[in-house]
Amino acid sequence: MQEYLFRTSHKPRPLPAGRWAMTQRWNDLLFAHWPIPASVIAPLLPEWMEVDTFQESAWLGAVPFWLDRIKIRGVPPVPGVRGFPDLNLRTYVRDRFTGTPGIYCFSIDASNLLAVGVARMVYHLPYYWAEMRLEERADREFEFYSRRRFGGRPVFFKARYRGLGPTRRSAEMRGGSFESFVTERSCLFSSNRAGQPIRASLHYIPWPLEDAEAEIERNDLAASIGIKLPNAAPVLHYSRRLAVYVWPAELVRPALAGRPVTAVAAPTG
C-alpha cells in the first residue's frame, strides 16, 4: 500500500492524533439500509452510546464487500491475509462523552480466521468466522454468500447486487444528505474486556458512491439480534473501492480530541 498525503477539509472532525496503525482497501461494497425506530435500536447499545438518527429514524445497514491491500504499520505483509470477503451489520451512533458520530457493528462476519482473531483481540469487535463467497458476474455486478460458522443458530446472507454507475447526484454528495449521514463517520466504536468504551478512528476520502440494485435472497443478520426488518425495500448504494486508514483503539473520554489539521487522503501516485 502506497503512502498517502493527508488532507482533511471534508472531515467532520480533525485528523486523529498519533500515527495510523493499519491501512486496507474496501472493494465492491453494497450499502443496504433499513429505517428502524430508534426505540428498537437503543436497548441494544452500550449505555455510553446514543442512537444517531436521520429523518427521525435510526438506520440498520447490511454491508457486504471484500477487502485487500492490508498493511499493518511496521509489520511485513502477513501470509494468508491478502484479501477476503467481509459482511457487517451496523448502525449509526454518537458517544455520550464527546458526541462524536461513529459506527457501531452488531456483528462482523469474515472468511479469514486469522483476521477474525486479530480483530477480536486488538479492536474488540464482534467478528465471526464464516464461510463466504463473493463472485463477480458482470462489470459492477456481484453475488455474495455468507454462512456463519460455529455461531449457534444459522446466520445466512445471500444477495446479488450491482452498481448502476456514477451520476451527477451521487458525485455531488452534500452535508445533510442520507449519503453523508452514513458515510461521514470518523470512528468505529466497541467495548474492551473491562466494558470500557473504546474507538478506532478512521480516515478516508469522500466515498465514491453510486446508486445500486440488489436482490437479497436471504438475510438473517437482523433477526440474529432480535430485530424484524420492515417490509419496505432498503435504500441501496454501491462503492467500487476506498482506501481506509485505521488508528489504534483508544479509550473514549472527553480529553481525547484530535489535533487540528485542515486539509482527504489522496494517493500520491
# chains A, B, ... in the order shown; residues from 1 in each chain; ligands from 1
>>> select_by_dssp(residues="stretch 18-240 of chain A", states="strand (DSSP E)", output="count of residues only")
114
>>> residues_around(residues="A:Arg218", least_positions_apart="2", cutoff="10 Å", atoms="only C-alpha atoms", output="PyMOL selection string")
chain A and resi 145-146+155-159+215-216+220-221
>>> residues_around(residues="A:Lys71", least_positions_apart="4", cutoff="8 Å", atoms="only C-alpha atoms", output="list in words")
Met1, Met22, Thr23, Gln24, Val75, Pro76 and Pro77 of chain A
>>> residues_around(residues="stretch 241-257 of chain A", least_positions_apart="2", cutoff="6 Å", atoms="only C-alpha atoms", output="VMD selection string")
chain A and resid 20 to 27 97 to 98 197 to 204 239
>>> residues_around(residues="A:Arg137", least_positions_apart="3", cutoff="12 Å", atoms="only C-alpha atoms", output="PyMOL selection string")
chain A and resi 134+140-144+160-162
>>> closest_residue(among="A:Asp68, A:Ala194, A:Arg94, A:Ile227", to="A:Ile41", atoms="only C-alpha atoms")
A:Ile227
>>> atom_distance(atom1="atom CA of A:Gly152", atom2="atom CA of A:Ala115")
20.7 Å
>>> residues_around(residues="A:Arg193", least_positions_apart="3", cutoff="12 Å", atoms="only C-alpha atoms", output="PDB file with C-alpha atoms, in the first residue's frame")
ATOM      1  CA  ARG A 120     -11.361  -9.547  18.245  1.00  0.00           C
ATOM      2  CA  MET A 121      -8.163  -9.318  20.271  1.00  0.00           C
ATOM      3  CA  VAL A 122      -6.924  -5.865  19.224  1.00  0.00           C
ATOM      4  CA  TYR A 123     -10.116  -3.924  18.454  1.00  0.00           C
ATOM      5  CA  HIS A 124     -12.644  -5.976  20.471  1.00  0.00           C
ATOM      6  CA  LEU A 125     -15.010  -6.095  17.519  1.00  0.00           C
ATOM      7  CA  PRO A 126     -17.796  -8.717  17.257  1.00  0.00           C
ATOM      8  CA  SER A 190     -16.736  -1.033  20.631  1.00  0.00           C
ATOM      9  CA  GLN A 196     -14.902   0.401  28.855  1.00  0.00           C
ATOM     10  CA  PRO A 197     -15.853   2.369  25.730  1.00  0.00           C
ATOM     11  CA  ILE A 198     -13.204   2.397  23.011  1.00  0.00           C
TER      12      ILE A 198
END
>>> closest_residue(among="A:Leu29, A:Asp139, A:Glu50, A:Leu45", to="A:Ile225", atoms="only C-alpha atoms")
A:Leu45
>>> select_by_dssp(residues="stretch 126-257 of chain A", states="alpha helix (DSSP H)", output="PyMOL selection string")
chain A and resi 168-171+178-183+221-224
>>> write_last_selection(atoms="N, CA and C atoms", output="short mmCIF file (atom, residue, chain, number, x, y, z; two decimals), in the first residue's frame")
data_model
loop_
_atom_site.label_atom_id
_atom_site.label_comp_id
_atom_site.auth_asym_id
_atom_site.auth_seq_id
_atom_site.Cartn_x
_atom_site.Cartn_y
_atom_site.Cartn_z
N ARG A 168 -24.40 12.48 -11.59
CA ARG A 168 -24.08 13.79 -11.02
C ARG A 168 -24.58 13.88 -9.59
N ARG A 169 -25.77 13.31 -9.32
CA ARG A 169 -26.31 13.37 -7.96
C ARG A 169 -25.40 12.66 -6.98
N SER A 170 -24.93 11.44 -7.35
CA SER A 170 -24.08 10.70 -6.43
C SER A 170 -22.70 11.34 -6.29
N ALA A 171 -22.25 12.01 -7.34
CA ALA A 171 -20.94 12.66 -7.29
C ALA A 171 -20.98 13.94 -6.45
N PHE A 178 -28.66 11.82 3.14
CA PHE A 178 -28.58 10.49 3.74
C PHE A 178 -27.21 9.87 3.46
N GLU A 179 -26.70 10.08 2.26
CA GLU A 179 -25.39 9.52 1.91
C GLU A 179 -24.30 10.06 2.82
N SER A 180 -24.37 11.34 3.13
CA SER A 180 -23.40 11.92 4.05
C SER A 180 -23.58 11.35 5.46
N PHE A 181 -24.82 11.16 5.88
CA PHE A 181 -25.11 10.62 7.21
C PHE A 181 -24.46 9.25 7.42
N VAL A 182 -24.51 8.37 6.42
CA VAL A 182 -23.99 7.02 6.62
C VAL A 182 -22.50 6.88 6.32
N THR A 183 -21.91 7.85 5.62
CA THR A 183 -20.50 7.70 5.25
C THR A 183 -19.56 8.61 6.02
N LEU A 221 -29.26 -11.52 9.37
CA LEU A 221 -28.45 -10.69 10.26
C LEU A 221 -29.29 -9.96 11.29
N ALA A 222 -30.34 -9.27 10.84
CA ALA A 222 -31.16 -8.51 11.78
C ALA A 222 -31.86 -9.43 12.77
N ALA A 223 -32.39 -10.55 12.28
CA ALA A 223 -33.08 -11.49 13.17
C ALA A 223 -32.15 -12.05 14.23
N SER A 224 -30.84 -12.15 13.91
CA SER A 224 -29.88 -12.70 14.87
C SER A 224 -29.71 -11.81 16.09
#
>>> atom_distance(atom1="atom CA of A:Ile70", atom2="atom CA of A:Asn112")
12.5 Å
>>> atom_distance(atom1="atom CA of A:Asp211", atom2="atom CA of A:Ala32")
10.9 Å
